[in-house]
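Here the structure is laid out as structure tokens; the discussion comes afterwards.
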Amino acid sequence: MAVRYGLVAVSLGGLLALAVPGAHASSLERFSDFISQTLTATGQFEQKIFDQNRKLLQQSSGVLAFSRPGKFRWSYVKPYAQLIVGDGSRVWIYDEDLKQVTVKKLDQALGSTPAALLAGNNEAMRAFKLSDKGVKDGLEWLEALPRNNEGGFERIRMGFGSSGLEVMELVDSFGQTTVLKFASLERNPKLDPGLFRFSPPKGADVIGDVK
């Protein structure tokens with residue numbers, strides 16, 4: 001997996017939102033609340049990618065929005081501009097520096113990926129085996145193991161704190177770990193549908209399934 005896209009060209013993410021805080025809820029209950037009670041969300045993220053020896057390879061930040069199921073907007077602001085949009089049927093990845101757009105069908109791009117957990121539906125949830133991993137560093141941890149390896153991730157962990165979903169850790173098949181920290185997450189805001197539409201800029205090269 002290329003470091004540049006790290007997560008989330010398939011995250012896609014899409015993503016994120018809070019789970020509803022619960023006094024003594026396990027991570028499984030917190031995640032269930034997230035799936036059932038969060039239809040839209042906006043927020044900010046910081047992303048770090050480490051190699052198998054925990055050496056920092058890349059650091060980036062940006063903003064996100066999603067509307068379940070399957071619609072999301074993941075915008076990298078620093079250190080370079082990149083935009084990932086899921087419109088409900090396709091995922092568009094626009095690299096501004098390269099003037100290149102990559103297009104994938106949504107079901108092929110999601111699969112067993114973070115976006116399926118965050119912006120997916122109940123059908124997508126069945127692509128994972130979920131387990132509660134208890135409390136560590138003040139967070140309640142959920143582990144999601146993909147039932148197949150098509151998404152490229154071997155393990156995904158989600159940490160829930162007092163404000164909801166705060167951290168995601170993703171380990172890929174190359175031993176790289178992507179750590180995402182979320183801030184200013186707002187549950188169920190009213191979002192402009194235009195956020196989840198994408199038209200390739202004039203002059204950009206378009207690669208993939210555009211039909």
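Within each chain, counting starts at residue 1; across the structure tokens, chains are named A, B, ... in the order shown, with ligands numbered 1 upward in that order.
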
| said: Using only C-alpha atoms, which protein or nucleic acid residues come within 10 Å of Asp137 (chain A)? Drop anything in the same chain fewer than 2 positions from it, and give the result as a ChimeraX atom specification. | reply: /A:135,139-141,159,161

Selection above as a file: N, CA, C and O atoms, as an mmCIF file, in the first residue's frame:
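The new file out17.cif reads:
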```
data_model
loop_
_atom_site.group_PDB
_atom_site.id
_atom_site.type_symbol
_atom_site.label_atom_id
_atom_site.label_comp_id
_atom_site.auth_asym_id
_atom_site.auth_seq_id
_atom_site.Cartn_x
_atom_site.Cartn_y
_atom_site.Cartn_z
ATOM 1 N N VAL A 135 -10.135 -1.626 28.441
ATOM 2 C CA VAL A 135 -9.715 -0.230 28.615
ATOM 3 C C VAL A 135 -8.190 -0.137 28.650
ATOM 4 O O VAL A 135 -7.524 -0.908 29.339
ATOM 5 N N LEU A 139 -9.080 4.787 27.241
ATOM 6 C CA LEU A 139 -10.032 4.580 26.157
ATOM 7 C C LEU A 139 -10.558 3.147 26.180
ATOM 8 O O LEU A 139 -9.845 2.221 26.593
ATOM 9 N N GLU A 140 -11.796 2.966 25.733
ATOM 10 C CA GLU A 140 -12.371 1.639 25.556
ATOM 11 C C GLU A 140 -12.107 1.201 24.123
ATOM 12 O O GLU A 140 -12.485 1.901 23.176
ATOM 13 N N TRP A 141 -11.459 0.022 23.949
ATOM 14 C CA TRP A 141 -10.970 -0.376 22.635
ATOM 15 C C TRP A 141 -11.807 -1.502 22.031
ATOM 16 O O TRP A 141 -12.137 -2.487 22.692
ATOM 17 N N GLY A 159 -10.739 3.386 19.423
ATOM 18 C CA GLY A 159 -10.724 3.785 20.824
ATOM 19 C C GLY A 159 -11.797 4.814 21.126
ATOM 20 O O GLY A 159 -11.852 5.873 20.486
ATOM 21 N N GLY A 161 -13.608 7.374 23.907
ATOM 22 C CA GLY A 161 -13.434 8.114 25.137
ATOM 23 C C GLY A 161 -14.713 8.814 25.535
ATOM 24 O O GLY A 161 -15.802 8.509 25.019
#
```

Neighbours of Met158 (chain A) within 7 Å (only C-alpha atoms; same-chain residues fewer than 5 positions away dropped), as a list in words?
Trp141, Leu142, Glu143, Val167, Met168 and Glu169 of chain A

Applying 9 Å and only C-alpha atoms, which residues near Leu191 (chain A) remain after dropping the ones on its own chain fewer than 4 positions away? List them as a VMD selection string.
chain A and resid 40 to 42 65 to 67 195

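Relative to CA of Leu118 (chain A), CA of Pro200 (chain A) is found at 25.2 Å.
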
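Of the residues listed (A:Leu145, A:Gln108, A:Tyr76, A:Ile156), A:Gln108 shows the shortest atom-to-atom separation from Arg90 (chain A); distances use only C-alpha atoms.
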
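For the set A:Ile35, A:Ala144, A:Leu180, A:Val103, the residue with the smallest atom-to-atom gap to Gln59 (chain A) is A:Leu180, counting only C-alpha atoms.
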
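The nearest approach to Ile49 (chain A) among the residues A:Gly208, A:Asn188, A:Ala81, A:Gln176, with only C-alpha atoms taken into account, belongs to A:Gln176.
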
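For the pair CA of Leu185 (chain A) and CA of Gln37 (chain A), the separation is 14.2 Å.
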
What separates CA of Leu130 (chain A) and CA of Thr178 (chain A) is a distance of 19.0 Å

Self-check item: Nearest candidate to Val77 (chain A) (options A:Asp172, A:Asp107, A:Glu46, A:Glu154; using only C-alpha atoms)
Solution: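 Selected residue with least distance to Val77 (chain A): A:Glu46.
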
Using only C-alpha atoms, the shortest atom-to-atom distance to Lys202 (chain A) among A:Ser89, A:Ser26, A:Gln100, A:Thr177 belongs to A:Gln100

Taking only C-alpha atoms into account, name the residue in A:Pro69, A:Pro146, A:Pro79, A:Gly203 that is nearest to Val171 (chain A).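 Comparing A:Pro69, A:Pro146, A:Pro79, A:Gly203 against Val171 (chain A), the winner is A:Pro146.
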
Exercise. DSSP on the backbone, then: every residue of region 34-71 of chain A marked strand (DSSP E), written as number ranges by chain.
Key: A: 40-50, 56-67, 71
